[in-house]
Each structure stands twice: as structure tokens, then as C-alpha cells.
file start.txt (compact mmCIF, C-alpha atoms and all ligand atoms)
# COMPACT_ATOMS: atom_id res chain seq x y z
CA MET A 1 -18.58 1.36 -14.24
CA THR A 2 -18.02 5.04 -15.10
CA THR A 3 -14.32 5.79 -15.11
CA LEU A 4 -12.90 9.25 -14.74
CA HIS A 5 -11.31 9.12 -18.18
CA ASP A 6 -12.36 12.55 -19.41
CA LYS A 7 -12.39 14.35 -16.10
CA VAL A 8 -8.77 14.56 -14.96
CA PRO A 9 -8.51 17.51 -12.53
CA ASN A 10 -5.92 20.23 -13.03
CA GLY A 11 -2.65 19.88 -11.24
CA LEU A 12 -2.18 16.09 -11.40
CA ASN A 13 1.14 14.98 -12.86
CA HIS A 14 1.33 12.51 -15.74
CA LYS A 15 1.50 9.35 -13.60
CA GLU A 16 -1.26 10.54 -11.27
CA ALA A 17 -3.51 11.43 -14.21
CA ASP A 18 -2.93 7.97 -15.70
CA LEU A 19 -4.04 6.23 -12.50
CA TYR A 20 -6.91 8.64 -11.96
CA ARG A 21 -8.37 7.93 -15.43
CA HIS A 22 -8.90 4.28 -14.51
CA LEU A 23 -10.69 4.87 -11.21
CA ASP A 24 -14.41 4.29 -10.78
CA SER A 25 -15.97 7.72 -10.22
CA ALA A 26 -18.79 6.27 -8.12
CA ARG A 27 -16.47 4.52 -5.66
CA LEU A 28 -13.94 7.09 -4.52
CA PRO A 29 -13.42 6.81 -0.75
CA LYS A 30 -15.17 9.55 1.22
CA HIS A 31 -12.59 9.48 3.98
CA ILE A 32 -9.00 8.24 3.82
CA ALA A 33 -6.89 7.85 6.98
CA ILE A 34 -3.11 7.51 6.79
CA ILE A 35 -0.61 6.13 9.31
CA MET A 36 2.56 7.91 8.24
CA ASP A 37 5.42 5.60 9.18
CA GLY A 38 9.04 5.01 8.27
CA ASN A 39 10.63 8.44 8.72
CA GLY A 40 13.29 7.03 11.04
CA ARG A 41 14.16 4.16 8.69
CA TRP A 42 14.32 6.53 5.72
CA ALA A 43 16.88 8.62 7.60
CA ARG A 44 18.86 5.61 8.89
CA ARG A 45 19.26 4.28 5.33
CA ARG A 46 20.88 7.57 4.42
CA HIS A 47 23.03 7.69 7.58
CA MET A 48 21.16 10.78 8.66
CA PRO A 49 19.64 11.65 12.07
CA ARG A 50 16.01 10.55 12.62
CA VAL A 51 14.79 14.14 12.51
CA ALA A 52 15.95 14.40 8.88
CA GLY A 53 13.33 11.76 8.11
CA HIS A 54 10.64 13.83 9.78
CA ARG A 55 11.75 16.92 7.85
CA ALA A 56 11.58 14.96 4.59
CA GLY A 57 8.13 13.71 5.64
CA VAL A 58 6.72 17.21 5.24
CA ALA A 59 7.09 17.03 1.42
CA ALA A 60 5.12 13.78 1.50
CA VAL A 61 2.38 15.44 3.56
CA ARG A 62 2.22 18.33 1.08
CA SER A 63 1.99 16.11 -2.02
CA THR A 64 -0.57 13.73 -0.47
CA VAL A 65 -2.80 16.53 0.82
CA GLU A 66 -2.76 18.39 -2.50
CA THR A 67 -3.52 15.31 -4.57
CA ALA A 68 -6.34 14.21 -2.24
CA ALA A 69 -7.90 17.69 -2.47
CA ARG A 70 -7.50 17.85 -6.25
CA ILE A 71 -9.35 14.57 -6.76
CA HIS A 72 -12.08 15.75 -4.36
CA ILE A 73 -11.66 13.30 -1.50
CA PRO A 74 -14.02 14.81 1.11
CA ALA A 75 -11.88 13.93 4.17
CA LEU A 76 -8.24 13.04 4.82
CA THR A 77 -6.90 12.24 8.30
CA LEU A 78 -3.16 12.00 8.98
CA TYR A 79 -1.71 10.30 12.07
CA ALA A 80 1.03 12.82 12.71
CA PHE A 81 1.82 12.26 16.34
CA SER A 82 0.52 9.61 18.73
CA GLU A 83 0.16 9.98 22.47
CA GLU A 84 2.78 7.21 22.73
CA ASN A 85 5.23 9.16 20.49
CA TRP A 86 4.89 12.11 22.83
CA LYS A 87 5.55 10.07 25.96
CA LYS A 88 8.14 7.57 24.74
CA ARG A 89 10.48 9.45 22.37
CA PRO A 90 13.48 11.54 23.41
CA VAL A 91 12.62 15.13 24.37
CA SER A 92 14.83 16.43 21.55
CA GLU A 93 12.86 14.50 18.90
CA VAL A 94 9.53 15.57 20.38
CA SER A 95 10.60 19.25 20.39
CA PHE A 96 11.78 18.91 16.80
CA LEU A 97 8.40 17.47 15.77
CA MET A 98 6.58 20.28 17.59
CA SER A 99 8.59 22.99 15.86
CA LEU A 100 8.23 21.20 12.51
CA LEU A 101 4.46 21.16 12.98
CA SER A 102 4.42 24.87 13.91
CA ARG A 103 6.47 25.76 10.84
CA TYR A 104 4.35 23.52 8.62
CA LEU A 105 1.14 25.21 9.78
CA LYS A 106 2.54 28.69 9.21
CA ALA A 107 3.92 27.86 5.77
CA GLU A 108 1.00 25.78 4.49
CA VAL A 109 -2.03 27.92 5.33
CA PRO A 110 -1.89 29.80 1.96
CA THR A 111 -1.71 26.48 0.04
CA LEU A 112 -4.53 25.03 2.14
CA ASN A 113 -6.63 28.08 1.28
CA GLU A 114 -5.76 27.87 -2.43
CA ASN A 115 -6.96 24.26 -2.39
CA ASN A 116 -10.11 25.12 -0.35
CA ILE A 117 -8.98 22.78 2.47
CA ARG A 118 -10.33 23.14 6.02
CA LEU A 119 -8.00 22.11 8.82
CA GLU A 120 -9.12 20.20 11.92
CA TYR A 121 -7.38 18.29 14.71
CA ILE A 122 -8.06 15.23 16.83
CA GLY A 123 -6.18 14.29 20.00
CA ARG A 124 -5.66 15.86 23.40
CA GLN A 125 -4.60 19.31 22.20
CA HIS A 126 -4.59 20.80 25.69
CA GLU A 127 -1.53 18.66 26.58
CA LEU A 128 0.58 20.19 23.76
CA PRO A 129 2.90 23.19 24.34
CA GLY A 130 1.02 26.51 24.57
CA ASP A 131 2.70 28.11 21.55
CA VAL A 132 1.90 25.07 19.39
CA GLN A 133 -1.74 25.17 20.54
CA GLU A 134 -1.89 28.86 19.58
CA ARG A 135 -0.47 28.17 16.12
CA MET A 136 -2.93 25.30 15.68
CA SER A 137 -5.91 27.50 16.59
CA TRP A 138 -4.66 30.22 14.25
CA ALA A 139 -4.35 27.79 11.31
CA ARG A 140 -7.75 26.25 11.98
CA GLU A 141 -9.35 29.70 12.12
CA ALA A 142 -7.52 30.80 8.95
CA THR A 143 -8.99 27.88 6.98
CA ALA A 144 -12.37 27.64 8.75
CA ARG A 145 -14.36 29.10 5.86
CA ASN A 146 -13.08 26.64 3.24
CA THR A 147 -15.68 24.27 1.89
CA GLY A 148 -13.59 21.55 0.22
CA MET A 149 -11.63 18.70 1.79
CA VAL A 150 -11.38 18.46 5.58
CA LEU A 151 -7.77 17.74 6.55
CA THR A 152 -7.62 16.36 10.09
CA LEU A 153 -4.26 16.07 11.83
CA ALA A 154 -4.14 13.53 14.66
CA LEU A 155 -1.81 15.10 17.21
CA ASN A 156 -1.16 13.63 20.64
CA TYR A 157 -3.81 11.15 19.57
CA SER A 158 -4.64 7.70 20.97
CA ALA A 159 -7.77 5.78 20.02
CA ARG A 160 -8.15 4.29 23.50
CA THR A 161 -7.87 7.74 25.08
CA GLU A 162 -10.46 8.98 22.59
CA LEU A 163 -12.85 6.24 23.74
CA VAL A 164 -12.19 7.07 27.40
CA ASP A 165 -12.91 10.75 26.63
CA ALA A 166 -16.08 9.74 24.75
CA PHE A 167 -17.38 7.64 27.67
CA ARG A 168 -16.67 10.49 30.11
CA SER A 169 -18.42 12.91 27.76
CA ILE A 170 -21.49 10.62 27.53
CA VAL A 171 -21.75 10.41 31.32
CA HIS A 172 -21.24 14.18 31.66
CA ALA A 173 -23.96 14.87 29.06
CA ALA A 174 -26.34 12.54 30.92
CA SER A 175 -25.60 14.30 34.22
CA GLN A 176 -26.61 17.62 32.58
CA ASN A 177 -29.70 16.11 31.07
CA GLY A 178 -31.84 14.28 33.58
CA GLY A 179 -29.13 12.25 35.31
CA ILE A 180 -27.82 8.73 35.02
CA ASP A 181 -31.32 7.19 34.79
CA HIS A 182 -31.61 8.80 31.36
CA LEU A 183 -28.31 7.36 30.15
CA ARG A 184 -28.86 5.53 26.87
CA ILE A 185 -25.81 4.14 25.11
CA ASP A 186 -25.81 2.72 21.60
CA GLU A 187 -23.36 2.88 18.69
CA GLN A 188 -24.69 6.25 17.54
CA THR A 189 -24.21 7.73 21.02
CA VAL A 190 -20.57 6.59 21.09
CA SER A 191 -19.90 7.93 17.56
CA GLU A 192 -21.43 11.29 18.50
CA HIS A 193 -19.01 11.68 21.41
CA LEU A 194 -15.82 10.78 19.55
CA TYR A 195 -13.34 13.45 18.39
CA THR A 196 -14.40 12.51 14.83
CA ARG A 197 -18.11 13.16 15.43
CA ASN A 198 -18.31 15.38 12.33
CA LEU A 199 -16.54 12.96 9.97
CA PRO A 200 -17.74 9.81 8.20
CA ASP A 201 -15.84 6.64 9.21
CA PRO A 202 -12.79 6.11 6.96
CA ASP A 203 -13.37 3.77 3.99
CA LEU A 204 -9.65 3.26 3.48
CA VAL A 205 -6.70 3.27 5.87
CA VAL A 206 -3.21 3.48 4.38
CA ARG A 207 -0.08 2.53 6.31
CA THR A 208 3.37 3.18 4.93
CA SER A 209 6.64 1.32 5.56
CA GLY A 210 5.16 -2.18 5.47
CA GLU A 211 4.05 -2.52 9.09
CA MET A 212 0.78 -4.44 9.58
CA ARG A 213 -0.53 -2.66 12.67
CA LEU A 214 -3.19 -0.08 13.52
CA SER A 215 -1.06 1.37 16.36
CA ASN A 216 -3.99 2.70 18.40
CA PHE A 217 -5.36 4.75 15.48
CA LEU A 218 -9.13 5.30 15.07
CA LEU A 219 -9.96 1.84 16.47
CA TRP A 220 -13.71 2.45 16.57
CA GLN A 221 -13.92 4.27 13.24
CA LEU A 222 -11.85 1.74 11.25
CA ALA A 223 -14.19 -1.17 12.05
CA TYR A 224 -15.08 -1.71 8.35
CA ALA A 225 -12.24 0.14 6.62
CA GLU A 226 -10.16 -1.48 3.90
CA ILE A 227 -6.50 -1.65 4.91
CA TYR A 228 -3.79 -0.84 2.36
CA VAL A 229 -0.18 -1.34 3.43
CA THR A 230 2.60 -0.12 1.16
CA PRO A 231 6.34 -0.78 1.65
CA THR A 232 7.07 2.83 0.65
CA LEU A 233 8.56 4.78 3.55
CA TRP A 234 6.59 7.92 4.42
CA PRO A 235 9.17 10.49 3.16
CA ASP A 236 9.03 8.80 -0.29
CA PHE A 237 5.21 8.73 -0.38
CA ARG A 238 3.53 11.03 -2.92
CA GLY A 239 0.11 11.65 -4.46
CA VAL A 240 0.75 8.87 -6.97
CA HIS A 241 1.03 6.34 -4.12
CA LEU A 242 -2.29 7.57 -2.73
CA LEU A 243 -3.89 6.94 -6.13
CA GLU A 244 -2.35 3.44 -6.16
CA GLY A 245 -3.97 2.83 -2.78
CA ILE A 246 -7.34 4.03 -4.06
CA ALA A 247 -7.04 1.77 -7.14
CA GLU A 248 -6.34 -1.20 -4.84
CA TYR A 249 -9.29 -0.20 -2.62
CA GLN A 250 -11.58 -0.24 -5.64
CA LYS A 251 -10.61 -3.84 -6.37
CA ARG A 252 -11.89 -4.93 -2.97
CA GLU A 253 -15.42 -6.02 -2.28
CA ARG A 254 -16.82 -4.48 0.88
CA ARG A 255 -19.23 -6.77 2.68
CA TYR A 256 -19.72 -5.23 6.15
CA GLY A 257 -20.18 -8.72 7.59
CA GLY A 258 -22.65 -9.78 4.87
CA LEU A 259 -22.16 -12.10 1.89
CA ASN A 260 -20.82 -11.23 -1.53
CA HIS A 261 -23.20 -11.02 -4.47
CA HIS A 262 -22.53 -14.59 -5.68
CA ASP A 263 -22.82 -16.24 -2.23
CA SER A 264 -26.05 -14.42 -1.33
CA ARG A 265 -27.66 -15.63 -4.60
CA THR A 266 -26.52 -19.20 -3.92
CA ALA A 267 -27.84 -18.97 -0.34
CA ALA A 268 -31.23 -17.70 -1.60
CA GLU A 269 -31.42 -20.53 -4.17
CA THR A 270 -30.57 -23.15 -1.51
CA LEU A 271 -33.41 -21.85 0.67
CA LYS A 272 -35.83 -22.18 -2.25
CA THR A 273 -35.00 -25.90 -2.77
C1 LIG B 1 6.61 7.92 12.00
O1 LIG B 1 7.92 7.60 11.62
C2 LIG B 1 6.35 9.34 11.88
C3 LIG B 1 6.14 10.18 12.93
C4 LIG B 1 6.15 9.77 14.33
C5 LIG B 1 5.93 11.62 12.74
C6 LIG B 1 5.19 12.02 11.52
C7 LIG B 1 5.58 13.39 11.16
C8 LIG B 1 5.70 13.85 9.90
C9 LIG B 1 5.38 13.06 8.73
C10 LIG B 1 6.18 15.21 9.58
C11 LIG B 1 5.42 16.32 10.12
C12 LIG B 1 3.96 16.21 10.01
C13 LIG B 1 3.17 17.25 9.76
C14 LIG B 1 1.70 17.08 9.73
C15 LIG B 1 3.72 18.55 9.48
P1 LIG B 1 8.89 6.89 12.65
O2 LIG B 1 9.74 7.93 13.26
O3 LIG B 1 8.10 6.07 13.63
O4 LIG B 1 9.71 5.97 11.67
P2 LIG B 1 10.43 4.57 12.01
O5 LIG B 1 9.33 3.61 12.36
O6 LIG B 1 11.09 4.23 10.70
O7 LIG B 1 11.38 4.82 13.12
call {"tool": "encode", "arguments": {"input": "start.txt", "output": "C-alpha cells"}}
result
Amino acid sequence: MTTLHDKVPNGLNHKEADLYRHLDSARLPKHIAIIMDGNGRWARRRHMPRVAGHRAGVAAVRSTVETAARIHIPALTLYAFSEENWKKRPVSEVSFLMSLLSRYLKAEVPTLNENNIRLEYIGRQHELPGDVQERMSWAREATARNTGMVLTLALNYSARTELVDAFRSIVHAASQNGGIDHLRIDEQTVSEHLYTRNLPDPDLVVRTSGEMRLSNFLLWQLAYAEIYVTPTLWPDFRGVHLLEGIAEYQKRERRYGGLNHHDSRTAAETLKT
């Protein structure tokens, strides 16, 4: 195993650098997805309103994004706002989240550019308020020429809705191309019609605040992902916690439904006898 001992990137703090040095350079995840959870509980523990937790969550976003870019993770996807959040939370909390997102985009574009990060979105954007959509388009355009990490924000996102949209898109494409008789559906077709069509499937999904659920996040794409759950609440999460998650990921053996090295050798030997 080649560790990253001598190649610590600039900008990592002492603890991050320490963890980074022990990682296997050949096995860094290509795509990390994060379910940011626990803002409300963070605020409640401090006797503060829920929105204070969301506000504090922005510092966690900033630290995580910067660290991921510095260690050259090719893609990071953050579950910022689910379709369910949008429909089931009080209007005041939803408006706060929308204005927080708008302010975040305006404030962060220079930092995203400094770190060569390209911004993308997944989710039904057209259902978001017009001014937020405009700000989102502006930020995407302002970072479109960056060639480093792709930061995807899942906004008004639901994995089931994404699959419904993909199936509709497949049928529509067939209707434009020879009609339903030419409809061919396999796994590649579905992947090519998802919102994430330009991203590799995540290798690692991180969930904060200790909950053991996927909450309708990237259900198709996470089929073989390693799941890392940390008790840390999102507003307390930093780059160092991301590196802890990557270290844990590297301890896992990914089998994609096959056998591990030892069992496949034993199976081959049994067949020989
Ligand atoms: C989950 O915590 C978090 C959210 C619904 C919103 C996430 C938003 C941010 C981290 C800040 C803004 C994001 C960006 C990209 C600028 P929760 O409210 O469900 O927490 P709880 O489960 O403890 O109640």
C-alpha cells in the first residue's frame, strides 16, 4: 500500500494532515455523498431556534467542501434539502433555508473558484422560488470553467422522484427516436437518464447525527456504496471528520456481491478436489 505520507496538500490543519498521511493513495473514494443531519438537535441542545442549527451548518459545509477539494476527491454531493423537507417543514423554516442557500451561493463563489470547484445541482430546481433559481444558475455559470472537484448540491431532491423523472425521460427519448418499439431499457439506460448521469456512483455515503437511514437519497446510485454513520451532528462536522470517514472506508472490503479474496481461493480449491 502506498500511503500519502510525503504528499500532504497545502491547507490541511494538523489533525487533518495526520489522518491524510495514513490513507492509501490508490483507494481514495472518487465520489462521496453526505446526508447532512442534526442541525435541529444541535440547536435544541443549545436552547436555540432550529434555524440557528442551519446557520451553523454552513461552516460545516465550507470546511467539508474545502477539505474534500484539497485532497482531490473528484466529486462531492451534499443532501441539502429534500423534497420532503420542502413539503413538510414550516414555511418560515423553508424560507430561512432558501435565503441561507442564496447567501451561501453569493458568498462562496470566490472560494469555490479559488479551490477550482465546479458547482452542480440535482433535484427539481424548477419548483424552487424564482430568485433562488436565478442565484443557482448564476453560481453554476460562475464556476462552470473550473476543472477540479464537482460539488453537487441536492436541492428539492428525492431519489424516487428522480427515478420517475428518469423513466419519463426514457419514454420521451424513445418517442423522439423511432417510437416505443425501439424502447430498450437496461441499467445503463436508467443511469444515463438520472440527474447524476455525469457522475460516477458514490463509493462512500456519510450520514451525520447517528441516524441509520438513506432518507430517499440517491437510492439507485448508492447500490454498492459503503455507509459511514457518525454521531457528530452536522454543525460540528469538519474536514477532519470527513478524513475519519475515508479512513474507515479504506478498512472495508468491497465485494460488489462477489466473494472476498480468501473465500474465492477456498472455493476454487474445493472445486479442484
Ligand atoms: C438536516 O437537519 C439539515 C437540513 C434539512 C438542511 C441542511 C442545510 C444546511 C446544512 C445549511 C445550508 C446548506 C447549504 C448547502 C448552504 P435537521 O433539521 O433535519 O436536523 P434534526 O434531524 O436534528 O432536526
call {"tool": "residues_near_ligand", "arguments": {"input": "start.txt", "ligand": "ligand LIG 1 (chain B)", "cutoff": "6 Å", "atoms": "only C-alpha atoms and all ligand atoms", "output": "ChimeraX atom specification"}}
result
/A:36-41,54,57-58,80-81,101,104
call {"tool": "atom_distance", "arguments": {"input": "start.txt", "atom1": "atom CA of Glu127 of chain A", "atom2": "atom CA of Glu162 of chain A"}}
result
13.8 Å
call {"tool": "closest_residue", "arguments": {"input": "start.txt", "among": "A:His14, A:Arg252, A:His31, A:Arg89", "to": "Val150 of chain A", "atoms": "only C-alpha atoms"}}
result
A:His31
call {"tool": "closest_residue", "arguments": {"input": "start.txt", "among": "A:Ile117, A:Ser169, A:Gln133, A:Ser158", "to": "Lys87 of chain A", "atoms": "only C-alpha atoms"}}
result
A:Ser158
call {"tool": "atom_distance", "arguments": {"input": "start.txt", "atom1": "atom CA of Met149 of chain A", "atom2": "atom CA of Asn115 of chain A"}}
result
8.4 Å
call {"tool": "closest_residue", "arguments": {"input": "start.txt", "among": "A:Leu163, A:Ala33, A:Leu219, A:Leu155", "to": "Leu204 of chain A", "atoms": "all atoms listed in the file"}}
result
A:Ala33
call {"tool": "residues_around", "arguments": {"input": "start.txt", "residues": "segment 206-217 of chain A", "least_positions_apart": "6", "cutoff": "9 Å", "atoms": "only C-alpha atoms", "output": "ChimeraX atom specification"}}
result
/A:32-39,41,79,82,154,157-160,226-234,237,242,245
